[in-house]
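Note: the block below is entry.cif and it holds mmCIF, C-alpha atoms.
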```
data_structure
loop_
_atom_site.group_PDB
_atom_site.id
_atom_site.type_symbol
_atom_site.label_atom_id
_atom_site.label_comp_id
_atom_site.auth_asym_id
_atom_site.auth_seq_id
_atom_site.Cartn_x
_atom_site.Cartn_y
_atom_site.Cartn_z
ATOM 1 C CA GLU S 92 0.000 0.000 0.000
ATOM 2 C CA ARG S 93 1.095 3.619 -0.528
ATOM 3 C CA MET S 94 1.174 6.246 2.201
ATOM 4 C CA ASN S 95 -0.198 9.748 1.801
ATOM 5 C CA PRO S 96 2.622 12.315 2.050
ATOM 6 C CA GLY S 97 2.938 13.577 5.614
ATOM 7 C CA SER S 98 0.396 11.074 6.895
ATOM 8 C CA ALA S 99 0.552 7.702 8.596
ATOM 9 C CA GLN S 100 -2.723 6.633 7.013
ATOM 10 C CA PRO S 101 -2.793 4.366 3.935
ATOM 11 C CA THR S 102 -4.488 5.539 0.773
ATOM 12 C CA ARG S 103 -7.970 4.278 -0.037
ATOM 13 C CA HIS S 104 -7.046 3.560 -3.650
ATOM 14 C CA ALA S 105 -5.457 0.543 -5.271
ATOM 15 C CA PRO S 106 -1.679 1.014 -5.633
ATOM 16 C CA ARG S 107 -0.639 2.074 -9.113
ATOM 17 C CA GLN S 108 1.187 -0.428 -11.251
ATOM 18 C CA ALA S 109 3.326 -0.004 -14.330
ATOM 19 C CA GLY S 110 1.245 -0.396 -17.493
ATOM 20 C CA PRO S 111 -2.523 -0.670 -17.945
ATOM 21 C CA ARG S 112 -4.585 -3.112 -15.945
ATOM 22 C CA ARG S 113 -8.271 -3.723 -15.440
ATOM 23 C CA GLU S 114 -10.467 -5.410 -12.869
ATOM 24 C CA VAL S 115 -11.902 -8.623 -14.300
ATOM 25 C CA ALA S 116 -13.543 -10.213 -11.247
ATOM 26 C CA HIS S 117 -14.200 -9.700 -7.579
ATOM 27 C CA TYR S 118 -15.045 -12.308 -4.971
ATOM 28 C CA ASP S 119 -17.118 -11.475 -1.902
ATOM 29 C CA TYR S 120 -16.218 -12.913 1.498
ATOM 30 C CA THR S 121 -19.284 -12.609 3.720
ATOM 31 C CA ASP S 122 -20.056 -13.356 7.365
ATOM 32 C CA PRO S 123 -22.600 -16.039 8.396
ATOM 33 C CA GLN S 124 -25.422 -13.523 7.889
ATOM 34 C CA GLY S 125 -24.280 -12.713 4.350
ATOM 35 C CA SER S 126 -22.836 -9.259 5.078
ATOM 36 C CA LEU S 127 -19.709 -8.317 3.136
ATOM 37 C CA VAL S 128 -16.495 -8.513 5.171
ATOM 38 C CA PHE S 129 -13.913 -8.114 2.391
ATOM 39 C CA GLN S 130 -13.301 -8.758 -1.294
ATOM 40 C CA VAL S 131 -10.562 -10.371 -3.332
ATOM 41 C CA VAL S 132 -10.153 -8.548 -6.640
ATOM 42 C CA ARG S 133 -8.617 -10.099 -9.742
ATOM 43 C CA PHE S 134 -6.936 -7.896 -12.331
ATOM 44 C CA ASP S 135 -5.665 -8.385 -15.856
ATOM 45 C CA PRO S 136 -2.662 -8.745 -16.211
ATOM 46 C CA LYS S 137 -3.143 -11.427 -13.556
ATOM 47 C CA GLU S 138 -2.863 -9.988 -10.091
ATOM 48 C CA PHE S 139 -4.920 -10.328 -6.909
ATOM 49 C CA ARG S 140 -5.555 -7.668 -4.272
ATOM 50 C CA GLN S 141 -7.746 -7.542 -1.198
ATOM 51 C CA ARG S 142 -9.965 -4.721 -0.032
ATOM 52 C CA ARG S 143 -12.559 -3.982 2.646
ATOM 53 C CA PRO S 144 -15.450 -1.540 2.582
ATOM 54 C CA ASP S 145 -15.090 1.774 4.364
ATOM 55 C CA ARG S 146 -17.943 3.739 5.927
ATOM 56 C CA ASP S 147 -18.348 6.061 2.944
ATOM 57 C CA GLY S 148 -19.162 3.587 0.179
ATOM 58 C CA GLY S 149 -15.533 3.239 -0.875
ATOM 59 C CA TRP S 150 -12.718 0.773 -0.325
ATOM 60 C CA ILE S 151 -9.657 0.407 1.877
ATOM 61 C CA TRP S 152 -7.037 -1.707 0.114
ATOM 62 C CA ASN S 153 -5.846 -3.803 3.048
ATOM 63 C CA LEU S 154 -7.336 -6.232 5.567
ATOM 64 C CA GLU S 155 -5.946 -4.702 8.746
ATOM 65 C CA GLY S 156 -8.118 -5.663 11.703
ATOM 66 C CA VAL S 157 -10.365 -7.921 9.591
ATOM 67 C CA ASN S 158 -11.142 -11.459 10.742
ATOM 68 C CA ARG S 159 -10.133 -13.940 8.049
ATOM 69 C CA ILE S 160 -12.991 -16.190 6.962
ATOM 70 C CA PRO S 161 -13.424 -18.857 4.250
ATOM 71 C CA TYR S 162 -15.075 -18.085 0.905
ATOM 72 C CA HIS S 163 -18.871 -18.753 0.706
ATOM 73 C CA LEU S 164 -18.996 -19.049 4.506
ATOM 74 C CA PRO S 165 -22.848 -19.100 4.869
ATOM 75 C CA GLU S 166 -23.059 -22.147 2.570
ATOM 76 C CA VAL S 167 -20.100 -23.827 4.254
ATOM 77 C CA LEU S 168 -21.808 -23.625 7.627
ATOM 78 C CA GLN S 169 -25.030 -25.141 6.305
ATOM 79 C CA ASP S 170 -23.705 -28.103 4.296
ATOM 80 C CA ASP S 171 -22.262 -31.398 5.534
ATOM 81 C CA THR S 172 -19.978 -31.868 2.512
ATOM 82 C CA VAL S 173 -17.606 -29.100 1.411
ATOM 83 C CA ALA S 174 -14.964 -28.921 -1.327
ATOM 84 C CA ILE S 175 -11.850 -26.804 -0.709
ATOM 85 C CA THR S 176 -10.057 -25.442 -3.771
ATOM 86 C CA GLU S 177 -6.966 -23.275 -4.114
ATOM 87 C CA GLY S 178 -8.717 -20.177 -5.452
ATOM 88 C CA GLU S 179 -12.037 -18.424 -5.832
ATOM 89 C CA LYS S 180 -12.443 -19.166 -9.546
ATOM 90 C CA ASP S 181 -11.978 -22.880 -8.861
ATOM 91 C CA ALA S 182 -14.434 -22.750 -5.966
ATOM 92 C CA ASP S 183 -17.062 -21.065 -8.142
ATOM 93 C CA ASN S 184 -16.628 -23.632 -10.924
ATOM 94 C CA VAL S 185 -17.008 -26.520 -8.476
ATOM 95 C CA ARG S 186 -19.998 -24.769 -6.895
ATOM 96 C CA ALA S 187 -21.638 -24.476 -10.317
ATOM 97 C CA CYS S 188 -21.616 -28.302 -10.432
ATOM 98 C CA GLY S 189 -23.805 -28.470 -7.340
ATOM 99 C CA LEU S 190 -21.203 -28.857 -4.589
ATOM 100 C CA THR S 191 -20.598 -26.422 -1.770
ATOM 101 C CA ALA S 192 -17.090 -25.066 -2.316
ATOM 102 C CA THR S 193 -14.760 -22.726 -0.489
ATOM 103 C CA CYS S 194 -11.140 -21.557 -0.370
ATOM 104 C CA ASN S 195 -8.948 -19.143 1.546
ATOM 105 C CA ALA S 196 -7.908 -15.697 0.412
ATOM 106 C CA GLY S 197 -4.343 -15.494 -0.860
ATOM 107 C CA GLY S 198 -4.089 -18.914 -2.498
ATOM 108 C CA ALA S 199 -1.501 -21.607 -1.789
ATOM 109 C CA GLY S 200 0.290 -21.519 1.532
ATOM 110 C CA LYS S 201 -2.204 -19.176 3.193
ATOM 111 C CA TRP S 202 -4.497 -21.662 4.927
ATOM 112 C CA LEU S 203 -5.069 -20.799 8.595
ATOM 113 C CA ASP S 204 -6.055 -23.219 11.346
ATOM 114 C CA ALA S 205 -8.865 -20.785 12.166
ATOM 115 C CA TYR S 206 -10.567 -21.775 8.892
ATOM 116 C CA SER S 207 -10.692 -25.392 10.036
ATOM 117 C CA GLU S 208 -12.965 -24.506 12.940
ATOM 118 C CA PHE S 209 -15.743 -23.711 10.451
ATOM 119 C CA LEU S 210 -15.404 -27.221 8.974
ATOM 120 C CA THR S 211 -15.540 -29.310 12.136
ATOM 121 C CA GLY S 212 -17.539 -32.524 11.729
ATOM 122 C CA LYS S 213 -17.968 -32.178 7.951
ATOM 123 C CA ASN S 214 -16.995 -34.355 4.982
ATOM 124 C CA ILE S 215 -14.219 -32.536 3.131
ATOM 125 C CA ILE S 216 -12.952 -32.768 -0.445
ATOM 126 C CA VAL S 217 -9.645 -30.951 -0.985
ATOM 127 C CA ILE S 218 -8.838 -30.095 -4.634
ATOM 128 C CA PRO S 219 -5.476 -28.285 -4.806
ATOM 129 C CA ASP S 220 -3.655 -27.149 -7.939
ATOM 130 C CA ASN S 221 -1.591 -29.717 -9.811
ATOM 131 C CA ASP S 222 1.871 -28.367 -8.931
ATOM 132 C CA ASP S 223 4.331 -28.420 -6.031
ATOM 133 C CA PRO S 224 2.863 -25.384 -4.189
ATOM 134 C CA GLY S 225 -0.584 -26.937 -4.644
ATOM 135 C CA LYS S 226 0.584 -30.262 -3.229
ATOM 136 C CA LYS S 227 2.039 -28.555 -0.160
ATOM 137 C CA HIS S 228 -1.109 -26.478 0.210
ATOM 138 C CA GLY S 229 -3.298 -29.579 0.126
ATOM 139 C CA GLU S 230 -1.101 -31.325 2.669
ATOM 140 C CA SER S 231 -1.264 -28.335 5.018
ATOM 141 C CA ILE S 232 -5.069 -28.362 4.840
ATOM 142 C CA VAL S 233 -5.178 -32.100 5.591
ATOM 143 C CA LYS S 234 -2.891 -31.584 8.578
ATOM 144 C CA SER S 235 -5.007 -28.692 9.849
ATOM 145 C CA LEU S 236 -8.263 -30.676 9.533
ATOM 146 C CA ASP S 237 -6.992 -33.971 10.966
ATOM 147 C CA GLY S 238 -9.063 -34.886 14.011
ATOM 148 C CA LYS S 239 -11.677 -32.208 13.304
ATOM 149 C CA VAL S 240 -13.630 -33.461 10.283
ATOM 150 C CA ASN S 241 -15.731 -36.558 9.691
ATOM 151 C CA SER S 242 -13.873 -37.581 6.524
ATOM 152 C CA LEU S 243 -11.519 -36.112 3.940
ATOM 153 C CA LYS S 244 -10.453 -36.885 0.380
ATOM 154 C CA LEU S 245 -7.443 -35.256 -1.263
ATOM 155 C CA ILE S 246 -8.191 -35.089 -4.990
ATOM 156 C CA GLN S 247 -5.495 -35.016 -7.662
ATOM 157 C CA VAL S 248 -6.521 -33.135 -10.785
ATOM 158 C CA PRO S 249 -5.834 -35.304 -13.874
ATOM 159 C CA ALA S 250 -2.589 -34.441 -15.672
ATOM 160 C CA PRO S 251 -1.671 -32.384 -17.596
ATOM 161 C CA TYR S 252 -4.275 -29.900 -16.282
ATOM 162 C CA LYS S 253 -2.972 -27.303 -13.832
ATOM 163 C CA ASP S 254 -6.106 -26.950 -11.706
ATOM 164 C CA VAL S 255 -9.723 -28.039 -11.480
ATOM 165 C CA SER S 256 -10.921 -25.117 -13.616
ATOM 166 C CA ASP S 257 -8.442 -25.988 -16.369
ATOM 167 C CA TRP S 258 -9.631 -29.600 -16.270
ATOM 168 C CA MET S 259 -13.309 -28.604 -16.365
ATOM 169 C CA GLU S 260 -12.753 -26.363 -19.360
ATOM 170 C CA SER S 261 -11.414 -29.407 -21.227
ATOM 171 C CA LEU S 262 -14.742 -31.169 -20.574
ATOM 172 C CA GLY S 263 -16.775 -28.526 -22.400
ATOM 173 C CA VAL S 264 -19.403 -26.096 -21.179
ATOM 174 C CA ASP S 265 -22.095 -28.596 -20.154
ATOM 175 C CA VAL S 266 -22.436 -28.276 -16.356
ATOM 176 C CA PHE S 267 -24.052 -31.730 -16.128
ATOM 177 C CA VAL S 268 -21.030 -33.339 -17.806
ATOM 178 C CA ARG S 269 -18.628 -31.406 -15.611
ATOM 179 C CA GLY S 270 -20.513 -32.355 -12.461
ATOM 180 C CA SER S 271 -20.726 -36.005 -13.456
ATOM 181 C CA GLN S 272 -16.999 -36.214 -14.184
ATOM 182 C CA LEU S 273 -16.123 -34.399 -10.956
ATOM 183 C CA ARG S 274 -18.266 -36.708 -8.830
ATOM 184 C CA ASP S 275 -16.788 -39.737 -10.570
ATOM 185 C CA LEU S 276 -13.278 -38.494 -9.764
ATOM 186 C CA ILE S 277 -14.270 -37.905 -6.136
ATOM 187 C CA ASN S 278 -15.866 -41.344 -5.813
ATOM 188 C CA ARG S 279 -12.783 -43.067 -7.268
ATOM 189 C CA THR S 280 -10.434 -41.303 -4.856
ATOM 190 C CA PRO S 281 -9.779 -43.174 -1.591
ATOM 191 C CA HIS S 282 -10.222 -41.423 1.725
ATOM 192 C CA THR S 283 -7.189 -39.598 3.068
ATOM 193 C CA LEU S 284 -8.874 -39.258 6.456
ATOM 194 C CA LYS S 285 -11.390 -42.085 6.778
ATOM 195 C CA PRO S 286 -14.942 -41.538 8.033
ATOM 196 C CA LEU S 287 -15.355 -41.797 11.780
ATOM 197 C CA PRO S 288 -16.896 -45.143 12.838
ATOM 198 C CA VAL S 289 -20.534 -45.304 13.903
ATOM 199 C CA TYR S 290 -21.424 -47.607 16.797
ATOM 200 C CA THR S 291 -24.716 -48.853 18.187
ATOM 201 C CA MET S 292 -25.362 -48.423 21.921
ATOM 202 C CA ALA S 293 -24.853 -52.171 22.412
ATOM 203 C CA GLU S 294 -21.432 -51.971 20.733
ATOM 204 C CA LEU S 295 -20.441 -49.007 22.872
ATOM 205 C CA GLU S 296 -21.483 -50.835 26.043
ATOM 206 C CA SER S 297 -19.459 -53.883 25.045
ATOM 207 C CA GLN S 298 -16.376 -51.720 24.559
#
```

Do you think you could lay out the structure here as structure tokens?
Amino acid sequence: ERMNPGSAQPTRHAPRQAGPRREVAHYDYTDPQGSLVFQVVRFDPKEFRQRRPDRDGGWIWNLEGVNRIPYHLPEVLQDDTVAITEGEKDADNVRACGLTATCNAGGAGKWLDAYSEFLTGKNIIVIPDNDDPGKKHGESIVKSLDGKVNSLKLIQVPAPYKDVSDWMESLGVDVFVRGSQLRDLINRTPHTLKPLPVYTMAELESQ
């Protein structure tokens, strides 16, 4: 962020970059009631920045003092099965196939244990990018969720596709086909963290 001359306060405008750029997408992060907490903004040439609303209808281009929350939090809290992708575009593409999907702001390497608290007791499907940072990101999520979720599958996107969005684009535009292929991939993937066992009262008493 840039500082106003003679002031300790950050500017309320996006920092200037060399060459032209344009905003191509923004992703809303909302609280459980659906109120906007912050946005992730995507620019072309590819760049991501985060901003929060001010009290005057404008934006402050930092997240100082803002509680970090997962993407699509209201849906995450309501559903028993949640997919975790590496970015917002991937989450939206998976969501379009009928699955609840989320991610963390900032991409690979930015998962916080605080996010895992929102996922306690759920069935989780982690779909990281198909590269080394993605692999490490997926492993960090698995480690963070171990002991907190009901079950977890770590999905590997088919090679040579770089991420789930890239793979889906290769399947065409039909959402039904995309959803069918995604569910088939999920079903064929073994559990990384197996479902917790369910016992009858008689079995519990015998143990």

Using all atoms listed in the file, find each residue in segment 147-169 of chain S having at least one atom no more than 7 Å away from segment 134-143 of chain S; report its shortest atom-to-atom pair and that distance in Å (one decimal), rows by chain then rising number, as a tab-separated table.
```
residue	atom	partner	partner_atom	distance
S:Trp150	CA	S:Arg143	CA	5.6
S:Ile151	CA	S:Arg143	CA	5.3
S:Trp152	CA	S:Arg142	CA	4.2
S:Asn153	CA	S:Arg142	CA	5.2
S:Leu154	CA	S:Arg142	CA	6.4
```

Considering only C-alpha atoms, give me a table of residues in segment 102-185 of chain S that are at most 10 Å from segment 256-270 of chain S, with the closest atom pair and distance in Å for each, as CSV.
```
residue,atom,partner,partner_atom,distance
S:Thr176,CA,S:Ser256,CA,9.9
S:Gly178,CA,S:Ser256,CA,9.8
S:Lys180,CA,S:Ser256,CA,7.4
S:Asp181,CA,S:Ser256,CA,5.4
S:Ala182,CA,S:Ser256,CA,8.7
S:Asp183,CA,S:Ser256,CA,9.2
S:Asn184,CA,S:Ser256,CA,6.5
S:Val185,CA,S:Gly270,CA,7.9
```

Practice task
Taking the file above as input, evaluate the PyMOL selection byres ((chain S and resi 192-201) around 10) and report the hits as an MDAnalysis selection string.
Solution key: chainID S and resid 118 120 129:131 139:141 159:164 166:167 170 172:191 202:204 206 215:220 223:232

Fill in the blank from the handout: Counting all atoms listed in the file, closest pick from S:Ile246, S:Val255, S:Val132, S:Leu276 relative to Val115 of chain S is S:Val132

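Candidate residues S:Glu208, S:Asp254, S:Asp147, S:Asp222 were compared for distance to Gly238 of chain S, and the nearest is S:Glu208, using only C-alpha atoms.
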
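Distances from S:Arg133, S:Lys213, S:Lys239, S:Arg146 to Asp171 of chain S were compared using only C-alpha atoms, and the smallest one belongs to S:Lys213.
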
Practice task
Take the PyMOL selection byres ((chain S and resi 212) around 6), apply it to the structure above, and return the hits as number ranges by chain.
Solution key: S: 211, 213, 240-241

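Going from atom CA of His117 of chain S to atom CA of Asn221 of chain S covers 23.8 Å.
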
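Counting from atom CA of Ser271 of chain S, the distance to atom CA of Thr283 of chain S is 21.7 Å.
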
Practice task
Find the distance between atom CA of Gly148 of chain S and atom CA of Val128 of chain S and write it in Å to one decimal.
Solution key: 13.4 Å

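Taking only C-alpha atoms into account, Ile277 of chain S lies nearest to S:Asn214 out of the set S:Asn214, S:Thr291, S:Gln124, S:Ser297.
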
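Minimum atom-to-atom distance to Ser242 of chain S, evaluated using only C-alpha atoms, belongs to S:His282 out of S:His282, S:Ser126, S:Arg112, S:Phe209.
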
All file atoms of segment 179-187 of chain S boxed axis-aligned, 5 Å per side, centre plus edges, as JSON:
```
{"center_x": -16.8, "center_y": -22.5, "center_z": -8.4, "size_x": 19.7, "size_y": 18.1, "size_z": 15.1}
```

Will you model N, CA and C atoms for segment 153-176 of chain S and pass it back as a PDB file, in the coordinates of the input?
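Output contents, as saved in part03.pdb:
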```
ATOM      1  N   ASN S 153      -6.575  -2.909   2.156  1.00  0.00           N
ATOM      2  CA  ASN S 153      -5.846  -3.803   3.048  1.00  0.00           C
ATOM      3  C   ASN S 153      -6.873  -4.488   3.944  1.00  0.00           C
ATOM      4  N   LEU S 154      -6.429  -5.494   4.679  1.00  0.00           N
ATOM      5  CA  LEU S 154      -7.336  -6.232   5.567  1.00  0.00           C
ATOM      6  C   LEU S 154      -6.929  -6.083   7.024  1.00  0.00           C
ATOM      7  N   GLU S 155      -6.368  -4.936   7.367  1.00  0.00           N
ATOM      8  CA  GLU S 155      -5.946  -4.702   8.746  1.00  0.00           C
ATOM      9  C   GLU S 155      -7.154  -4.746   9.678  1.00  0.00           C
ATOM     10  N   GLY S 156      -7.051  -5.571  10.723  1.00  0.00           N
ATOM     11  CA  GLY S 156      -8.118  -5.663  11.703  1.00  0.00           C
ATOM     12  C   GLY S 156      -9.323  -6.482  11.276  1.00  0.00           C
ATOM     13  N   VAL S 157      -9.241  -7.139  10.100  1.00  0.00           N
ATOM     14  CA  VAL S 157     -10.365  -7.921   9.591  1.00  0.00           C
ATOM     15  C   VAL S 157     -10.165  -9.395   9.932  1.00  0.00           C
ATOM     16  N   ASN S 158     -11.203 -10.028  10.471  1.00  0.00           N
ATOM     17  CA  ASN S 158     -11.142 -11.459  10.742  1.00  0.00           C
ATOM     18  C   ASN S 158     -11.147 -12.231   9.432  1.00  0.00           C
ATOM     19  N   ARG S 159     -10.200 -13.133   9.261  1.00  0.00           N
ATOM     20  CA  ARG S 159     -10.133 -13.940   8.049  1.00  0.00           C
ATOM     21  C   ARG S 159     -11.197 -15.037   8.103  1.00  0.00           C
ATOM     22  N   ILE S 160     -11.934 -15.184   7.042  1.00  0.00           N
ATOM     23  CA  ILE S 160     -12.991 -16.190   6.962  1.00  0.00           C
ATOM     24  C   ILE S 160     -12.891 -16.916   5.626  1.00  0.00           C
ATOM     25  N   PRO S 161     -13.438 -18.137   5.529  1.00  0.00           N
ATOM     26  CA  PRO S 161     -13.424 -18.857   4.250  1.00  0.00           C
ATOM     27  C   PRO S 161     -14.422 -18.252   3.262  1.00  0.00           C
ATOM     28  N   TYR S 162     -14.195 -18.513   1.998  1.00  0.00           N
ATOM     29  CA  TYR S 162     -15.075 -18.085   0.905  1.00  0.00           C
ATOM     30  C   TYR S 162     -16.414 -18.837   1.003  1.00  0.00           C
ATOM     31  N   HIS S 163     -17.520 -18.162   0.659  1.00  0.00           N
ATOM     32  CA  HIS S 163     -18.871 -18.753   0.706  1.00  0.00           C
ATOM     33  C   HIS S 163     -19.193 -19.303   2.098  1.00  0.00           C
ATOM     34  N   LEU S 164     -18.828 -18.562   3.140  1.00  0.00           N
ATOM     35  CA  LEU S 164     -18.996 -19.049   4.506  1.00  0.00           C
ATOM     36  C   LEU S 164     -20.434 -19.452   4.853  1.00  0.00           C
ATOM     37  N   PRO S 165     -21.483 -18.677   4.501  1.00  0.00           N
ATOM     38  CA  PRO S 165     -22.848 -19.100   4.869  1.00  0.00           C
ATOM     39  C   PRO S 165     -23.197 -20.498   4.354  1.00  0.00           C
ATOM     40  N   GLU S 166     -22.774 -20.825   3.122  1.00  0.00           N
ATOM     41  CA  GLU S 166     -23.059 -22.147   2.570  1.00  0.00           C
ATOM     42  C   GLU S 166     -22.219 -23.215   3.258  1.00  0.00           C
ATOM     43  N   VAL S 167     -20.987 -22.886   3.575  1.00  0.00           N
ATOM     44  CA  VAL S 167     -20.100 -23.827   4.254  1.00  0.00           C
ATOM     45  C   VAL S 167     -20.698 -24.262   5.589  1.00  0.00           C
ATOM     46  N   LEU S 168     -21.251 -23.318   6.317  1.00  0.00           N
ATOM     47  CA  LEU S 168     -21.808 -23.625   7.627  1.00  0.00           C
ATOM     48  C   LEU S 168     -23.052 -24.499   7.538  1.00  0.00           C
ATOM     49  N   GLN S 169     -23.767 -24.427   6.429  1.00  0.00           N
ATOM     50  CA  GLN S 169     -25.030 -25.141   6.305  1.00  0.00           C
ATOM     51  C   GLN S 169     -24.885 -26.551   5.744  1.00  0.00           C
ATOM     52  N   ASP S 170     -23.827 -26.824   4.998  1.00  0.00           N
ATOM     53  CA  ASP S 170     -23.705 -28.103   4.296  1.00  0.00           C
ATOM     54  C   ASP S 170     -22.812 -29.074   5.058  1.00  0.00           C
ATOM     55  N   ASP S 171     -23.075 -30.371   4.884  1.00  0.00           N
ATOM     56  CA  ASP S 171     -22.262 -31.398   5.534  1.00  0.00           C
ATOM     57  C   ASP S 171     -21.050 -31.801   4.702  1.00  0.00           C
ATOM     58  N   THR S 172     -21.085 -31.529   3.403  1.00  0.00           N
ATOM     59  CA  THR S 172     -19.978 -31.868   2.512  1.00  0.00           C
ATOM     60  C   THR S 172     -19.478 -30.607   1.825  1.00  0.00           C
ATOM     61  N   VAL S 173     -18.180 -30.347   1.922  1.00  0.00           N
ATOM     62  CA  VAL S 173     -17.606 -29.100   1.411  1.00  0.00           C
ATOM     63  C   VAL S 173     -16.324 -29.402   0.641  1.00  0.00           C
ATOM     64  N   ALA S 174     -16.200 -28.832  -0.554  1.00  0.00           N
ATOM     65  CA  ALA S 174     -14.964 -28.921  -1.327  1.00  0.00           C
ATOM     66  C   ALA S 174     -14.107 -27.691  -1.052  1.00  0.00           C
ATOM     67  N   ILE S 175     -12.804 -27.901  -0.926  1.00  0.00           N
ATOM     68  CA  ILE S 175     -11.850 -26.804  -0.709  1.00  0.00           C
ATOM     69  C   ILE S 175     -10.925 -26.743  -1.908  1.00  0.00           C
ATOM     70  N   THR S 176     -10.933 -25.631  -2.622  1.00  0.00           N
ATOM     71  CA  THR S 176     -10.057 -25.442  -3.771  1.00  0.00           C
ATOM     72  C   THR S 176      -8.948 -24.469  -3.412  1.00  0.00           C
TER      73      THR S 176
END
```
